[in-house]
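What follows is a single structure, written as structure tokens, with notes after it.
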Number of protein chains: 2
Amino acid sequence: MRGGGTPSPALVFEKHMTQTKAQYRVRFEPDHVEVSVAEGANLMQSAIAAGVHINANCGGAGTCGTCNVLVKEGHVESHQTSKVSAADYKRGMRQSCQTRVKSDLVVEVPIESRLETSVLTQEKLTTAAIGQTLATGWRFVPPVEKRLLELTPPSLEDNASDLSRLLRCIEKSCGPTNIEVDFGVVNKLASVVRAGDWKATATFLDDDGLRRLINIEPGDTRGTNYSLAFDIGTTAVRGQLLDLARGSALEQAIDYNGQISYGADVISRIAQRGKPGGREKLQKAVVETLNKLIKEMVGLADIGIEKVNHVVVAANTVMVHLLLGLDPQYLRLSPYVPTVSNPPLVKARELGIDVAEHVYLYAVPSVASYVGGDIVAGILGSGIYQRPKVTLYIDIGTNGEIVVGNRDWMVTSAASAGPTFEGGGIKCGMLATTGAIEDFELKAKNAEPGLSVIGGVKAKGICGSGIINMAAVMLRTGLVSQDGKFNADAATRRIRQGEDGFEYLLVPARESATGEDIVFTEIDMTNLIRAKAALYAGYQTLVKSVGSRMENIDEVVIAGTFGSRLNIENAITIGLLPDMPREKFIFIGNGSLLGARLISYSADLLRESRRVAAMMTNLELSERADFMTNYTAAMFLPHTDAGLFPSVKTGGVR
Amino acid sequence: MRGGGTPSPALVFEKHMTQTKAQYRVRFEPDHVEVSVAEGANLMQSAIAAGVHINANCGGAGTCGTCNVLVKEGHVESHQTSKVSAADYKRGMRQSCQTRVKSDLVVEVPIESRLETSVLTQEKLTTAAIGQTLATGWRFVPPVEKRLLELTPPSLEDNASDLSRLLRCIEKSCGPTNIEVDFGVVNKLASVVRAGDWKATATFLDDDGLRRLINIEPGDTRGTNYSLAFDIGTTAVRGQLLDLARGSALEQAIDYNGQISYGADVISRIAQRGKPGGREKLQKAVVETLNKLIKEMVGLADIGIEKVNHVVVAANTVMVHLLLGLDPQYLRLSPYVPTVSNPPLVKARELGIDVAEHVYLYAVPSVASYVGGDIVAGILGSGIYQRPKVTLYIDIGTNGEIVVGNRDWMVTSAASAGPTFEGGGIKCGMLATTGAIEDFELKAKNAEPGLSVIGGVKAKGICGSGIINMAAVMLRTGLVSQDGKFNADAATRRIRQGEDGFEYLLVPARESATGEDIVFTEIDMTNLIRAKAALYAGYQTLVKSVGSRMENIDEVVIAGTFGSRLNIENAITIGLLPDMPREKFIFIGNGSLLGARLISYSADLLRESRRVAAMMTNLELSERADFMTNYTAAMFLPHTDAGLFPSVKTGGVR
């Protein structure tokens with residue numbers, strides 16, 4: 001797969017240089033990437049040509065000062081600008097967009113000029129509460145990377161095939177690498193290289209040391225490189241459209257997983273698979289949801305779908321099996337064996353996903369049958385696996401995954417909470433989207449509810465955070481008892497007898513977006529108690545199983561997308577979270593999607609995702625007798641053992 | 001992609017051993033393959049388990065003596081049998097099927113016990129004239145290889161995924177290798193490993209250091225491993241169904257290339273591609289031919305098509321492009337650039353070929369636009385690239401490829417001869433199949449023709465060797481003049497005026513299989529002269545271009561499938577072959593198919609095919625002025641320059 005030793009492929013910016021100019025080698029650290037440029041080449045352009053990402057907020061106009069680099073060896077032409085202090089200038093710092101190459105160089109791109117710094121800043125802005133809990137030490141080099149190739153046109157003296165020519169040029173530009181060429185590239189190669197007048201952009205997929213050439217386009221298309229990141233939950237699917245050229249999320253979308261018509265939890269989905277055509281139906285259902293979200297996001301961003309080059313999916317093990325069309329039945333039978341925990345590469349289109357033919361899907365590896373890539377993505381994205389302090393990670397969702405550990409060890413388990421926290425199985429429940437009640441208070445003067453609705457519109461229903469906040473307030477004020485019964489004697493007319501027993505009227509029909517009363521029933525409250533009890537018992541059992549105690553936990557990281565208004569105090573009040581010092585809690589929003597997004601940004605993190613999955617040990621709660629005891633004990637608000645929640649004051653009587 | 005450090009996968013034969021027996025390591029040389037076996041294991045079975053091929057004509061009964069091996073280190077239990085001489089026994093030779101392992105061992109499998117020896121013997125028997133002209137030094141290890149894997153069933157203590165379990169077992173059995181897993185394997189993995197009770201046979205495709213897991217079957221299926229080898233010619237397609245477990249050809253089949261309705265030569269095919277849907281039609285046409293031949297061979301051999309694991313194709317560059325669905329237009333435009341000379345892996349089914357989904361197609365790499373993988377396969381199979389003597393290789397076919405060189409250098413070219421030698425463009429021409437006249441003589445007593453018909457049936461037409469032999473006899477006896485005109489005054493009533501000028505009646509309608517006269521016309525004779533002139537001028541120009549002379553050629557290897565009765569004397573008489581000492585000529589039959597077959601047998605030769613293609617230098621005859629001069633001079637029987645053919649006596653006058 002190697003070409004012969006013929007003329008060097010010129011890099012794009014060299015075209016503007018005359019042939020007589022000297023050629024210099026510029027090495028960029030810490031990436032160890034070298035590029036050959038003509039004398040006088042712009043240093044920032046040289047970095048771009050080498051595939052080294054440098055921040056350039058002003059686009060190279062010299063006004064922002066974000067592209068500074070340290071020239072460690074060699075000579076450059078660059079006067080001292082206002083963006084470089086005299087001291088920095090003296091030690092070799094230069095504004096790269098204002099610098100010309102005058103000899104062989106060794107250049108260090110400092111951390112503040114690297115694109116990942118810009119990405120990290122954005123991540124911290126978008127996830128306000130994220131604080132220090134983000135994986136660090138990775139480079140912004142997406143697993144799908146584009147390279148501009150300028151080929152030497154063929155001649156009678158050098159009439160090697162188009163593919164040999166291309167591989168030769170890649171070797172010159174990227175160094176000797178083992179490259180696997182997808183047949184689809186060959187199919188259009190002849191027309192593409194000629195359409196771009198022997199200038200073409202190659203798209204590579206890097207996976208564990210193997211570099212795969214997946215696409216080729218005429219001309220320079222490096223500015224358009226997108227990917228899709230998905231969190232496929234049992235109840236809901238959340239997606240983001242990412243701009244890999246700039247390291248930012250362009251759009252996001254959420255919808256119920258189309259599989260919910262086949263059952264609310266993973267067990268009922270697995271059972272469904274045994275029916276005729278069951279596997280195909282389940283696969284089709286989730287793929288249709290993905291396609292709907294893709295269409296929505298790509299439409300909003302107004303980009304061509306052919307510009308999307310990667311799909312990264314974080315999902316629990318059952319969801320991954322169903323997405324890949326694999327039989328999940330062995331997942332629920334002892335000894336709980338997945339078919340695959342680290343799925344090999346698969347073309348997204350082979351699964352029915354509406355993206356271009358060249359796009360591969362990466363499913364974040366899973367740990368066990370009930371601990372999937374979603375939790376691995378969360379641990380990865382939040383950087384728990386990198387830090388010495390012992391962290392308890394709780395993903396508040398249908399599958400209820402929990403992890404305890406640090407950079408040296410991690411134990412994980414899943415406590416099926418059901419869809420309650422995502423608004424599923426709740427009479428007026430809904431996902432945390434526009435129209436969802438996400439916060440609740442009782443006004444002091446008239447004990448009437450004050451509601452916060454996402455988007456500030458009329459309410460359609462109530463989402464996970466709304467449910468938690470409401471239940472906590474009601475418990476404190478005595479509207480609901482510790483066993484989850486409404487207090488019919490309370491001084492409010494909102495508690496009433498409904499079709500299914502007592503219920504609380506949140507929004508009357510005339511004020512709701514649906515034209516129907518929005519209520520929260522006693523049955524809903526029972527579901528909430530079950531859900532929070534499963535989670536509490538889960539991490540209680542898990543922490544004890546590793547010989548530790550809740551007091552020894554340094555940090556509690558909470559993930560979930562049941563509404564951004566998670567109130568830690570309220571979650572403790574109902575016994576969902578442990579009664580610990582409040583400063584130990586950090587809420588990171590959707591951890592799975594965060595991990596999937598960061599993997600899209602960094603091949604380093606893609607590699608790390610495999611290591612993280614491998615370092616997690618699974619504990620089967622169903623095999624532990626104390627889990628059921630703990631679960632039953634937790635079926636109370638906040639808990640049957642009041643000593644576990646010393647700071648919680650309830651308004652009712654037991 | 002690595003599993004953890006859990007219980008070792010037992011190899012099949014270990015099952016019969018008790019758990020308490022000691023385990024020993026046996027290393028087989030020269031393959032450097034190690035296997036772990038229990039004390040007392042049978043040595044031949046150990047070799048099989050290790051994937052080392054040993055001849056065992058009697059199947060291990062101890063009666064044939066073909067499985068002898070040399071025990072170089074360690075202890076075995078084996079008495080001296082009649083198949084091992086006292087001297088051999090003393091130096092460590094043992095009959096492997098009668099030997100038991102008693103310690104760690106190092107065992108050498110001598111060349112006479114290796115399966116390739118048996119394959120070579122068969123090859124020499126089937127191609128009688130092949131003599132010493134076969135590639136040597138390769139091991140019989142097919143690029144698609146099967147391995148039996150006995151997995152440790154999962155337990156609660158070890159509930160790694162099926163795929164991790166499989167990869168762990170592969171690593172134990174094959175050593176640490178980078179394995180790429182095809183998604184199709186994952187798709188059926190769960191059911192396959194359970195159907196075979198955790199015993200499964202894995203099929204690997206080895207390609208340039210990358211090992212790809214392409215299929216998995218329940219139980220032990222090592223006995224059934226087949227491949228298809230094809231020579232796709234411009235005029236005809238020849239296929240063989242190969243048994244990779246035994247190293248033999250089971251069936252063969254031949255048919256016209258379905259593309260001939262779109263033009264007789266590569267140039268007209270390339271022109272056809274520009275018409276609407278042209279590329280698709282051309283691809284479909286040749287794929288239909290392949291599918292017809294596959295159906296025929298698989299039917300005759302009575303094997304399931306799902307047992308075919310590989311397709312190897314040797315074809316000229318245009319045929320490869322059309323098979324792969326690539327645009328061939330740049331092949332015929334200066335500077336004659338192929339899209340691909342070394343095609344990446346492609347699923348055969350993706351091209352429409354009717355084999356199982358897991359099967360990949362390997363196209364032997366080509367040298368240039370008009371020198372393809374067919375000629376590389378011929379050079380490879382005949383071993384010319386391995387020997388010091390200078391060889392002229394002539395492939396007598398439509399494309400007329402020629403090579404001159406030895407193990408240090410090779411120059412190649414193509415001299416388009418047209419389809420004459422394969423019976424194309426000849427009024428009553430046909431492929432060398434049943435019913436074809438393949439030899440011709442004139443009976444002394446009545447000057448009536450004596451014909452040899454393939455299959456001993458009534459004649460349907462005349463094939464390439466028949467045409468050559470007939471023309472030579474006619475030239476010697478004066479029935480035809482040196483410029484290819486029939487002698488109307490000759491003492492035979494068989495020369496007559498036909499529809500298209502003079503013609504020779506070979507078989508009257510009442511004696512033919514077609515019910516029509518079988519004739520050979522003056523136009524046919526002109527086509528033959530053009531075809532042989534193109535070839536002669538081709539190698540004449542090529543030999544001169546490398547600064548050599550015909551006298552310096554040590555050996556002439558002739559390939560082609562125009563009939564097995566090629567008469568060297570006759571071919572020289574008409575000026576197709578050079579007038580050289582007859583002992584320098586070797587006819588190897590279909591060289592392309594020979595090469596494709598050997599590549600199917602040996603991953604070593606697959607690797608070598610890339611090296612051979614890379615070491616060949618192409619010479620564009622169309623760019624050489626002397627080629628046309630030589631061509632015009634050769635438009636005579638045998639040649640306008642009689643001095644070039646001193647041994648040829650013609651019967652006519654000039």
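All residue names refer to the structure tokens as shown: chains lettered A, B, ... in order, residues numbered from 1 in each chain, ligands numbered from 1 in order.
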
State the Cα RMSD (Å, one decimal) obtained when chain B is least-squares superposed onto chain A, all Cα atoms paired in order. 0.2 Å

Counting only C-alpha atoms, which residues of chain B fall within 7 Å of chain A, and what is the closest atom pair for each with its distance in Å at one decimal, ordered by chain and rising number, as CSV?
residue,atom,partner,partner_atom,distance
B:Pro154,CA,A:Pro335,CA,6.8
B:Ser155,CA,A:Pro335,CA,5.4
B:Leu156,CA,A:Pro335,CA,4.8
B:Asn159,CA,A:Val337,CA,5.3
B:Ala160,CA,A:Val337,CA,6.3
B:Ser161,CA,A:Pro338,CA,4.6
B:Asp162,CA,A:Thr339,CA,4.7
B:Leu163,CA,A:Val340,CA,5.3
B:Val181,CA,A:Pro344,CA,6.0
B:Asp182,CA,A:Pro344,CA,7.0
B:Phe183,CA,A:Val346,CA,6.0
B:Asn187,CA,A:Leu326,CA,5.9
B:Leu189,CA,A:Thr339,CA,6.9
B:Ala190,CA,A:Thr339,CA,5.6
B:Leu326,CA,A:Asn187,CA,5.8
B:Pro335,CA,A:Leu156,CA,4.8
B:Tyr336,CA,A:Asn159,CA,6.5
B:Val337,CA,A:Asn159,CA,5.3
B:Pro338,CA,A:Ser161,CA,4.6
B:Thr339,CA,A:Asp162,CA,4.7
B:Val340,CA,A:Ser161,CA,5.1
B:Ser341,CA,A:Ser161,CA,5.8
B:Pro344,CA,A:Val181,CA,6.0
B:Leu345,CA,A:Phe183,CA,6.8
B:Val346,CA,A:Phe183,CA,6.0

DSSP on the backbone: what in range 274-513 of chain A comes out strand (DSSP E), as an MDAnalysis selection string? chainID A and resid 308:315 346:347 360:363 391:395 401:405 410:414 436:442 449:453 461:462 495:498 501:507

So which residues touch Ala459 in chain B within 9 Å, counting only C-alpha atoms, skipping near sequence neighbours fewer than 2 positions away, as JSON, numbers by chain? {"B": [434, 435, 436, 437, 451, 452, 453, 454, 456, 457, 461, 462, 507, 511, 512, 513, 514, 518]}

Could those selected residues go to a file with N, CA and C atoms, as a CSV table (one decimal), in the first residue's frame?
chain,number,residue,atom,x,y,z
B,434,THR,N,-15.4,-28.6,-25.2
B,434,THR,CA,-15.9,-29.7,-25.9
B,434,THR,C,-16.4,-29.3,-27.3
B,435,GLY,N,-16.0,-30.1,-28.4
B,435,GLY,CA,-16.5,-29.8,-29.7
B,435,GLY,C,-15.5,-28.9,-30.5
B,436,ALA,N,-14.5,-28.4,-29.9
B,436,ALA,CA,-13.5,-27.5,-30.6
B,436,ALA,C,-12.4,-28.4,-31.3
B,437,ILE,N,-12.2,-28.0,-32.6
B,437,ILE,CA,-11.1,-28.6,-33.3
B,437,ILE,C,-9.8,-28.0,-32.7
B,451,LEU,N,-8.6,-34.3,-38.1
B,451,LEU,CA,-8.9,-33.3,-37.1
B,451,LEU,C,-9.0,-33.9,-35.7
B,452,SER,N,-8.5,-33.2,-34.6
B,452,SER,CA,-8.7,-33.7,-33.3
B,452,SER,C,-9.7,-32.7,-32.6
B,453,VAL,N,-10.7,-33.4,-32.1
B,453,VAL,CA,-11.8,-32.5,-31.5
B,453,VAL,C,-11.8,-32.8,-30.0
B,454,ILE,N,-11.9,-31.7,-29.2
B,454,ILE,CA,-11.9,-31.9,-27.8
B,454,ILE,C,-13.1,-32.7,-27.3
B,456,GLY,N,-13.7,-35.7,-28.2
B,456,GLY,CA,-13.9,-36.7,-29.2
B,456,GLY,C,-15.3,-36.8,-29.7
B,457,VAL,N,-16.0,-35.6,-29.7
B,457,VAL,CA,-17.4,-35.5,-30.3
B,457,VAL,C,-17.3,-34.9,-31.7
B,461,GLY,N,-16.7,-26.2,-33.9
B,461,GLY,CA,-15.9,-25.0,-34.4
B,461,GLY,C,-14.4,-25.3,-34.2
B,462,ILE,N,-13.6,-24.2,-34.2
B,462,ILE,CA,-12.2,-24.4,-34.1
B,462,ILE,C,-11.7,-23.4,-33.1
B,507,VAL,N,-15.2,-29.1,-41.9
B,507,VAL,CA,-16.1,-30.1,-41.7
B,507,VAL,C,-17.4,-29.8,-42.4
B,511,GLU,N,-21.5,-33.6,-41.2
B,511,GLU,CA,-20.6,-34.2,-40.2
B,511,GLU,C,-20.4,-33.3,-38.9
B,512,SER,N,-20.9,-32.1,-39.0
B,512,SER,CA,-20.7,-31.2,-37.9
B,512,SER,C,-21.8,-31.3,-36.8
B,513,ALA,N,-21.4,-30.8,-35.6
B,513,ALA,CA,-22.4,-30.8,-34.5
B,513,ALA,C,-23.4,-29.7,-34.7
B,514,THR,N,-23.1,-28.7,-35.5
B,514,THR,CA,-24.0,-27.6,-35.6
B,514,THR,C,-25.0,-27.7,-36.8
B,518,ILE,N,-18.3,-26.2,-41.3
B,518,ILE,CA,-17.3,-25.5,-40.5
B,518,ILE,C,-16.2,-25.1,-41.4

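One distance worth recording is that between CA of Lys146 in chain A and CA of Ala245 in chain A, which is 9.0 Å.
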
Give me, as a PyMOL selection string, all polymer residues having an atom no more than 12 Å from Lys292 in chain B, counting only C-alpha atoms and skipping those fewer than 3 positions away in the same chain. chain B and resi 237-239+253-258+285-289+295-299+353-355

Near-Gln259 in chain A list (12 Å; only C-alpha atoms; drop same-chain fewer than 2 positions) as a PyMOL selection string: chain A and resi 232-237+255-257+261-266+268-270+272-273+278-290+318-319+322-323

If you count only C-alpha atoms, which residues fall within 12 Å of Tyr24 in chain A, apart from same-chain ones fewer than 5 positions away, as JSON, numbers by chain? {"A": [14, 34, 35, 36, 37, 38, 39, 40, 41, 43, 46, 74, 75, 76, 100, 101, 102, 103, 104, 105, 106]}

Please, could you write that set of residues out with N, CA and C atoms as a PDB file, in the first residue's frame?
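In the end it all went to part29.pdb:
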ATOM      1  N   GLU A  14       1.933  26.078  -0.127  1.00  0.00           N
ATOM      2  CA  GLU A  14       3.171  26.145  -0.898  1.00  0.00           C
ATOM      3  C   GLU A  14       2.914  26.621  -2.321  1.00  0.00           C
ATOM      4  N   GLU A  34       5.597  17.191  11.909  1.00  0.00           N
ATOM      5  CA  GLU A  34       6.476  17.990  11.068  1.00  0.00           C
ATOM      6  C   GLU A  34       5.803  18.328   9.758  1.00  0.00           C
ATOM      7  N   VAL A  35       6.155  19.483   9.207  1.00  0.00           N
ATOM      8  CA  VAL A  35       5.636  19.850   7.902  1.00  0.00           C
ATOM      9  C   VAL A  35       6.754  20.562   7.155  1.00  0.00           C
ATOM     10  N   SER A  36       6.751  20.406   5.830  1.00  0.00           N
ATOM     11  CA  SER A  36       7.752  21.087   5.009  1.00  0.00           C
ATOM     12  C   SER A  36       7.100  22.309   4.376  1.00  0.00           C
ATOM     13  N   VAL A  37       7.687  23.483   4.584  1.00  0.00           N
ATOM     14  CA  VAL A  37       7.100  24.708   4.026  1.00  0.00           C
ATOM     15  C   VAL A  37       8.180  25.523   3.323  1.00  0.00           C
ATOM     16  N   ALA A  38       7.734  26.421   2.468  1.00  0.00           N
ATOM     17  CA  ALA A  38       8.687  27.275   1.764  1.00  0.00           C
ATOM     18  C   ALA A  38       9.108  28.432   2.663  1.00  0.00           C
ATOM     19  N   GLU A  39      10.265  28.987   2.398  1.00  0.00           N
ATOM     20  CA  GLU A  39      10.749  30.145   3.139  1.00  0.00           C
ATOM     21  C   GLU A  39       9.696  31.252   3.098  1.00  0.00           C
ATOM     22  N   GLY A  40       9.436  31.859   4.231  1.00  0.00           N
ATOM     23  CA  GLY A  40       8.484  32.965   4.276  1.00  0.00           C
ATOM     24  C   GLY A  40       7.058  32.540   4.535  1.00  0.00           C
ATOM     25  N   ALA A  41       6.808  31.244   4.655  1.00  0.00           N
ATOM     26  CA  ALA A  41       5.437  30.778   4.901  1.00  0.00           C
ATOM     27  C   ALA A  41       4.940  31.313   6.230  1.00  0.00           C
ATOM     28  N   LEU A  43       3.368  31.144   9.747  1.00  0.00           N
ATOM     29  CA  LEU A  43       3.523  30.064  10.726  1.00  0.00           C
ATOM     30  C   LEU A  43       2.176  29.462  11.131  1.00  0.00           C
ATOM     31  N   SER A  46       1.072  27.243   8.399  1.00  0.00           N
ATOM     32  CA  SER A  46       1.882  26.026   8.405  1.00  0.00           C
ATOM     33  C   SER A  46       1.326  25.032   9.410  1.00  0.00           C
ATOM     34  N   GLY A  74      15.377  27.855  15.842  1.00  0.00           N
ATOM     35  CA  GLY A  74      15.282  28.395  14.490  1.00  0.00           C
ATOM     36  C   GLY A  74      14.941  29.881  14.461  1.00  0.00           C
ATOM     37  N   HIS A  75      14.924  30.404  13.218  1.00  0.00           N
ATOM     38  CA  HIS A  75      14.689  31.839  13.026  1.00  0.00           C
ATOM     39  C   HIS A  75      13.346  32.089  12.375  1.00  0.00           C
ATOM     40  N   VAL A  76      12.658  33.133  12.872  1.00  0.00           N
ATOM     41  CA  VAL A  76      11.412  33.563  12.248  1.00  0.00           C
ATOM     42  C   VAL A  76      11.472  35.067  12.043  1.00  0.00           C
ATOM     43  N   ARG A 100       6.657  34.732  10.025  1.00  0.00           N
ATOM     44  CA  ARG A 100       7.062  34.033   8.800  1.00  0.00           C
ATOM     45  C   ARG A 100       8.248  33.112   9.088  1.00  0.00           C
ATOM     46  N   VAL A 101       8.238  31.968   8.421  1.00  0.00           N
ATOM     47  CA  VAL A 101       9.273  30.952   8.643  1.00  0.00           C
ATOM     48  C   VAL A 101      10.553  31.351   7.906  1.00  0.00           C
ATOM     49  N   LYS A 102      11.685  31.340   8.619  1.00  0.00           N
ATOM     50  CA  LYS A 102      12.953  31.731   7.987  1.00  0.00           C
ATOM     51  C   LYS A 102      14.037  30.660   8.090  1.00  0.00           C
ATOM     52  N   SER A 103      13.724  29.534   8.733  1.00  0.00           N
ATOM     53  CA  SER A 103      14.674  28.412   8.820  1.00  0.00           C
ATOM     54  C   SER A 103      13.898  27.184   9.292  1.00  0.00           C
ATOM     55  N   ASP A 104      14.593  26.055   9.452  1.00  0.00           N
ATOM     56  CA  ASP A 104      13.954  24.917  10.113  1.00  0.00           C
ATOM     57  C   ASP A 104      13.570  25.368  11.515  1.00  0.00           C
ATOM     58  N   LEU A 105      12.407  24.910  11.985  1.00  0.00           N
ATOM     59  CA  LEU A 105      11.926  25.398  13.289  1.00  0.00           C
ATOM     60  C   LEU A 105      11.456  24.253  14.178  1.00  0.00           C
ATOM     61  N   VAL A 106      11.551  24.492  15.482  1.00  0.00           N
ATOM     62  CA  VAL A 106      10.812  23.687  16.457  1.00  0.00           C
ATOM     63  C   VAL A 106       9.926  24.660  17.217  1.00  0.00           C
TER      64      VAL A 106
END

Write down as a PyMOL selection string the residues of range 10-223 of chain B whose backbone DSSP state falls under alpha helix (DSSP H). chain B and resi 43-50+86-90+115-126+162-174+183-195

Output file for the selection above: C-alpha atoms, as a PDB file, in the first residue's frame:
ATOM      1  CA  LEU B  43       1.737 -35.452  17.849  1.00  0.00           C
ATOM      2  CA  MET B  44      -0.055 -35.306  14.477  1.00  0.00           C
ATOM      3  CA  GLN B  45      -3.292 -34.171  16.173  1.00  0.00           C
ATOM      4  CA  SER B  46      -1.265 -31.540  18.023  1.00  0.00           C
ATOM      5  CA  ALA B  47       0.018 -30.235  14.694  1.00  0.00           C
ATOM      6  CA  ILE B  48      -3.508 -30.068  13.303  1.00  0.00           C
ATOM      7  CA  ALA B  49      -4.664 -28.182  16.390  1.00  0.00           C
ATOM      8  CA  ALA B  50      -1.807 -25.743  15.907  1.00  0.00           C
ATOM      9  CA  ALA B  86      17.010 -46.960  11.615  1.00  0.00           C
ATOM     10  CA  ALA B  87      19.291 -44.054  10.687  1.00  0.00           C
ATOM     11  CA  ASP B  88      16.378 -41.609  10.510  1.00  0.00           C
ATOM     12  CA  TYR B  89      14.999 -42.911  13.797  1.00  0.00           C
ATOM     13  CA  LYS B  90      18.378 -42.367  15.368  1.00  0.00           C
ATOM     14  CA  LEU B 115       1.145 -30.303   2.540  1.00  0.00           C
ATOM     15  CA  GLU B 116       2.652 -28.007  -0.077  1.00  0.00           C
ATOM     16  CA  THR B 117       4.702 -30.948  -1.341  1.00  0.00           C
ATOM     17  CA  SER B 118       1.486 -32.788  -2.007  1.00  0.00           C
ATOM     18  CA  VAL B 119       0.011 -29.687  -3.681  1.00  0.00           C
ATOM     19  CA  LEU B 120       3.091 -29.268  -5.855  1.00  0.00           C
ATOM     20  CA  THR B 121       2.888 -32.886  -6.934  1.00  0.00           C
ATOM     21  CA  GLN B 122      -0.721 -32.424  -7.941  1.00  0.00           C
ATOM     22  CA  GLU B 123       0.062 -29.213  -9.802  1.00  0.00           C
ATOM     23  CA  LYS B 124       2.765 -30.972 -11.779  1.00  0.00           C
ATOM     24  CA  LEU B 125       0.437 -33.836 -12.617  1.00  0.00           C
ATOM     25  CA  THR B 126      -2.426 -31.621 -13.782  1.00  0.00           C
ATOM     26  CA  ASP B 162     -18.969 -13.464  23.800  1.00  0.00           C
ATOM     27  CA  LEU B 163     -16.656 -11.428  21.612  1.00  0.00           C
ATOM     28  CA  SER B 164     -14.103 -10.786  24.384  1.00  0.00           C
ATOM     29  CA  ARG B 165     -14.192 -14.509  25.176  1.00  0.00           C
ATOM     30  CA  LEU B 166     -13.617 -15.347  21.533  1.00  0.00           C
ATOM     31  CA  LEU B 167     -10.735 -12.905  21.137  1.00  0.00           C
ATOM     32  CA  ARG B 168      -9.159 -14.167  24.340  1.00  0.00           C
ATOM     33  CA  CYS B 169      -9.294 -17.709  23.017  1.00  0.00           C
ATOM     34  CA  ILE B 170      -7.873 -16.649  19.654  1.00  0.00           C
ATOM     35  CA  GLU B 171      -4.989 -14.925  21.406  1.00  0.00           C
ATOM     36  CA  LYS B 172      -4.275 -18.059  23.439  1.00  0.00           C
ATOM     37  CA  SER B 173      -4.331 -20.225  20.337  1.00  0.00           C
ATOM     38  CA  CYS B 174      -2.708 -17.937  17.742  1.00  0.00           C
ATOM     39  CA  PHE B 183     -19.378  -6.856  12.093  1.00  0.00           C
ATOM     40  CA  GLY B 184     -21.091  -9.831  10.439  1.00  0.00           C
ATOM     41  CA  VAL B 185     -19.328 -12.125  12.916  1.00  0.00           C
ATOM     42  CA  VAL B 186     -20.758 -10.231  15.864  1.00  0.00           C
ATOM     43  CA  ASN B 187     -24.193 -10.461  14.339  1.00  0.00           C
ATOM     44  CA  LYS B 188     -24.365 -14.226  14.655  1.00  0.00           C
ATOM     45  CA  LEU B 189     -21.814 -14.783  17.397  1.00  0.00           C
ATOM     46  CA  ALA B 190     -24.183 -15.403  20.319  1.00  0.00           C
ATOM     47  CA  SER B 191     -26.170 -18.101  18.560  1.00  0.00           C
ATOM     48  CA  VAL B 192     -23.131 -19.751  16.932  1.00  0.00           C
ATOM     49  CA  VAL B 193     -21.057 -20.239  20.094  1.00  0.00           C
ATOM     50  CA  ARG B 194     -24.063 -21.655  21.911  1.00  0.00           C
ATOM     51  CA  ALA B 195     -25.126 -23.885  19.002  1.00  0.00           C
TER      52      ALA B 195
END

Nearest to Ile599 in chain A among A:Glu217, A:Val71, A:Ala363, A:Cys64, with distances taken over only C-alpha atoms: which residue is it?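 Under the stated criterion, the closest residue is A:Ala363.
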
Do you know which residues are at most 7 Å from Val556 in chain A counting only C-alpha atoms, after dropping those on the same chain fewer than 2 positions away, and could you put them as number ranges by chain? A: 391-393, 558, 584-586

For each of B:Ser592, B:Ile305, B:Arg139, B:Thr477, take the minimum atom-to-atom distance to Ala444 in chain B, counting only C-alpha atoms, then give the residue where this is smallest.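 Result for the nearest residue to Ala444 in chain B: B:Thr477.
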